[in-house]
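What follows is the content of coords_3.txt (compact mmCIF, C-alpha atoms).
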# COMPACT_ATOMS: atom_id res chain seq x y z
CA MET A 1 35.45 -47.88 -69.01
CA GLY A 2 37.39 -49.69 -71.66
CA GLY A 3 41.17 -49.59 -71.51
CA ASN A 4 43.35 -47.51 -73.82
CA ILE A 5 41.81 -44.69 -75.84
CA THR A 6 41.78 -45.21 -79.60
CA LYS A 7 44.29 -43.26 -81.68
CA GLN A 8 41.79 -42.97 -84.54
CA ASP A 9 40.66 -39.40 -85.25
CA VAL A 10 37.10 -38.40 -84.49
CA PRO A 11 35.55 -36.94 -87.69
CA VAL A 12 33.76 -34.15 -85.79
CA PHE A 13 35.60 -31.26 -84.18
CA PHE A 14 34.70 -29.76 -80.82
CA PRO A 15 33.67 -26.08 -81.19
CA GLU A 16 36.85 -24.59 -79.72
CA SER A 17 35.82 -20.98 -80.42
CA LEU A 18 32.63 -21.50 -78.41
CA TYR A 19 34.65 -22.98 -75.57
CA ARG A 20 37.08 -20.03 -75.62
CA ARG A 21 34.11 -17.64 -75.39
CA MET A 22 32.88 -19.52 -72.33
CA GLU A 23 36.16 -18.87 -70.53
CA ASP A 24 35.28 -15.15 -70.41
CA ALA A 25 31.50 -15.50 -70.13
CA GLN A 26 29.40 -14.60 -67.12
CA TYR A 27 29.17 -17.23 -64.39
CA GLU A 28 25.56 -18.22 -65.18
CA VAL A 29 26.38 -18.64 -68.87
CA GLN A 30 29.31 -20.85 -67.95
CA VAL A 31 27.17 -23.00 -65.65
CA ARG A 32 24.52 -23.30 -68.36
CA PHE A 33 27.21 -24.38 -70.83
CA LEU A 34 28.49 -27.01 -68.39
CA ASN A 35 24.98 -28.29 -67.80
CA GLU A 36 24.01 -28.42 -71.47
CA THR A 37 27.24 -30.18 -72.36
CA ILE A 38 26.64 -32.85 -69.72
CA HIS A 39 23.06 -33.21 -70.94
CA GLU A 40 24.25 -33.71 -74.53
CA ILE A 41 26.73 -36.38 -73.38
CA ILE A 42 23.92 -38.17 -71.54
CA LYS A 43 21.80 -38.10 -74.71
CA LEU A 44 24.69 -39.60 -76.72
CA PHE A 45 24.97 -42.49 -74.30
CA ASP A 46 21.24 -43.10 -74.56
CA GLU A 47 21.69 -44.65 -78.02
CA ASN A 48 22.03 -48.28 -79.13
CA MET A 49 24.91 -49.59 -77.02
CA ASP A 50 24.66 -53.28 -77.91
CA ALA A 51 28.19 -53.39 -79.39
CA VAL A 52 29.85 -51.76 -76.37
CA THR A 53 32.41 -53.97 -74.67
CA TRP A 54 32.99 -51.75 -71.64
CA GLU A 55 32.65 -52.96 -68.10
CA GLU A 56 28.95 -52.50 -67.31
CA LYS A 57 29.45 -51.37 -63.70
CA LYS A 58 31.88 -48.64 -64.74
CA LEU A 59 29.53 -47.46 -67.48
CA ASP A 60 26.58 -47.38 -65.05
CA ASP A 61 28.65 -45.47 -62.47
CA PHE A 62 29.72 -42.97 -65.15
CA LEU A 63 26.14 -42.36 -66.30
CA ILE A 64 24.84 -42.05 -62.72
CA LEU A 65 27.53 -39.46 -62.02
CA LEU A 66 26.63 -37.51 -65.16
CA HIS A 67 22.92 -37.55 -64.28
CA ARG A 68 23.69 -36.36 -60.75
CA GLN A 69 25.88 -33.51 -62.00
CA PHE A 70 23.26 -32.55 -64.58
CA GLN A 71 20.52 -32.35 -61.93
CA LYS A 72 22.67 -30.30 -59.54
CA LEU A 73 23.76 -27.85 -62.23
CA LYS A 74 20.21 -27.60 -63.56
CA SER A 75 19.10 -26.13 -60.25
CA CYS A 76 21.67 -23.33 -60.64
CA VAL A 77 20.44 -21.82 -63.92
CA SER A 78 17.23 -20.43 -65.30
CA PRO A 79 15.55 -23.04 -67.52
CA ALA A 80 14.34 -20.63 -70.22
CA LYS A 81 17.68 -19.92 -71.90
CA LYS A 82 20.03 -22.15 -73.88
CA ALA A 83 23.75 -21.50 -73.90
CA GLU A 84 24.53 -22.07 -77.57
CA GLY A 85 23.10 -23.87 -80.60
CA ARG A 86 26.57 -24.82 -81.83
CA LEU A 87 26.98 -27.08 -78.84
CA GLU A 88 23.85 -29.05 -79.71
CA SER A 89 24.92 -29.12 -83.36
CA PHE A 90 28.30 -30.60 -82.39
CA PHE A 91 26.66 -33.46 -80.52
CA LYS A 92 24.14 -34.09 -83.32
CA LYS A 93 27.05 -34.38 -85.76
CA LEU A 94 28.82 -36.78 -83.42
CA ASN A 95 25.69 -38.90 -83.29
CA LYS A 96 25.22 -38.88 -87.06
CA LYS A 97 28.81 -39.08 -88.33
CA VAL A 98 30.10 -41.51 -85.74
CA LEU A 99 27.32 -43.59 -84.21
CA LYS A 100 24.78 -43.77 -87.04
CA GLU A 101 27.21 -43.90 -89.98
CA MET A 102 29.28 -46.56 -88.21
CA ASN A 103 26.15 -48.53 -87.25
CA TYR A 104 26.68 -48.16 -83.50
CA SER A 105 29.71 -50.45 -83.74
CA ALA A 106 32.23 -51.00 -80.96
CA GLN A 107 34.66 -48.84 -82.96
CA ALA A 108 32.08 -46.02 -83.12
CA TRP A 109 31.59 -46.17 -79.37
CA GLU A 110 35.34 -46.03 -78.82
CA LEU A 111 35.42 -42.79 -80.83
CA ILE A 112 32.55 -41.45 -78.73
CA ARG A 113 34.44 -42.41 -75.58
CA LYS A 114 37.53 -40.61 -76.87
CA GLU A 115 35.59 -37.44 -77.67
CA THR A 116 33.65 -37.59 -74.41
CA LYS A 117 36.92 -37.76 -72.49
CA TYR A 118 38.21 -34.74 -74.42
CA VAL A 119 35.01 -32.74 -73.80
CA LEU A 120 34.98 -33.60 -70.09
CA GLU A 121 38.60 -32.48 -69.82
CA LYS A 122 37.61 -29.16 -71.42
CA LEU A 123 34.77 -28.81 -68.90
CA TYR A 124 37.19 -29.52 -66.06
CA LEU A 125 39.49 -26.75 -67.29
CA LEU A 126 36.54 -24.36 -67.60
CA VAL A 127 35.47 -25.10 -64.02
CA ALA A 128 39.04 -24.42 -62.88
CA THR A 129 38.88 -20.93 -64.42
CA MET A 130 35.53 -20.26 -62.75
CA HIS A 131 37.04 -20.60 -59.28
CA ARG A 132 39.66 -17.92 -59.67

I need this file expressed as structure tokens, please.
Amino acid sequence: MGGNITKQDVPVFFPESLYRRMEDAQYEVQVRFLNETIHEIIKLFDENMDAVTWEEKKLDDFLILLHRQFQKLKSCVSPAKKAEGRLESFFKKLNKKVLKEMNYSAQAWELIRKETKYVLEKLYLLVATMHR
């Protein structure tokens, strides 16, 4: 969406222990985790994006793809349960410590892009373990 990924560190750390637990979790729990993570990413990108300098078409395509994946995964799990509160907490911290504290600046969005890429890579690896 926007060229090279920033080298700046993101001040919020992905809950690695939660992710490691998902590797050995039951299939439905894994799918719920995937779905909730995608939903949290969608919510992040629903904030004030005025300072974003990314190519609009690529951003729209990315968000459409996320929405489509969210809807498809949603049909695979029971709606009553949530996978994990720490996941939601992680994304709330990202929103507060990056977007809000940095006033939704272009730099803040680059950090969000960096962390989103990292999280999506983790989801990809989790999906790979689910197919074994």

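Take atom CA of Tyr19 of chain A and atom CA of Glu47 of chain A: the distance between them is 25.4 Å.
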
Quiz prompt | Residues within 12 Å of segment 83-93 of chain A, all atoms listed in the file, excluding chain neighbours under 3 positions, as a PyMOL selection string | solution = chain A and resi 10-19+21-22+25-45+77-80+96-101+112+115-116+119

Quiz item: Mind pulling up the distance from atom CA of Thr129 of chain A to atom CA of Leu73 of chain A?
Solution: 16.8 Å

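Atom CA of Lys122 of chain A is positioned 24.4 Å from atom CA of Ala106 of chain A.
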
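Minimum distance to Ser105 of chain A across A:Phe62, A:Asp9, A:Asp24, A:Ala51 (counting only C-alpha atoms) occurs at A:Ala51.
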
Practice problem: Compile the contact shell of Met130 of chain A as a PyMOL selection string: residues with an atom at most 9 Å away, counting all atoms listed in the file, same-chain residues fewer than 2 positions apart removed. | Solution: chain A and resi 23+27+30+125-128+132

Take the selection from the previous step and output its residues with C-alpha atoms, as a PDB file, in the coordinates of the input.
ATOM      1  CA  GLU A  23      36.160 -18.870 -70.530  1.00  0.00           C
ATOM      2  CA  TYR A  27      29.170 -17.230 -64.390  1.00  0.00           C
ATOM      3  CA  GLN A  30      29.310 -20.850 -67.950  1.00  0.00           C
ATOM      4  CA  LEU A 125      39.490 -26.750 -67.290  1.00  0.00           C
ATOM      5  CA  LEU A 126      36.540 -24.360 -67.600  1.00  0.00           C
ATOM      6  CA  VAL A 127      35.470 -25.100 -64.020  1.00  0.00           C
ATOM      7  CA  ALA A 128      39.040 -24.420 -62.880  1.00  0.00           C
ATOM      8  CA  ARG A 132      39.660 -17.920 -59.670  1.00  0.00           C
TER       9      ARG A 132
END

Quiz item: Pick the closest to Lys114 of chain A from A:Met49, A:Leu94, A:Met102, A:Leu63: which is it, counting all atoms listed in the file?
Solution: A:Leu94
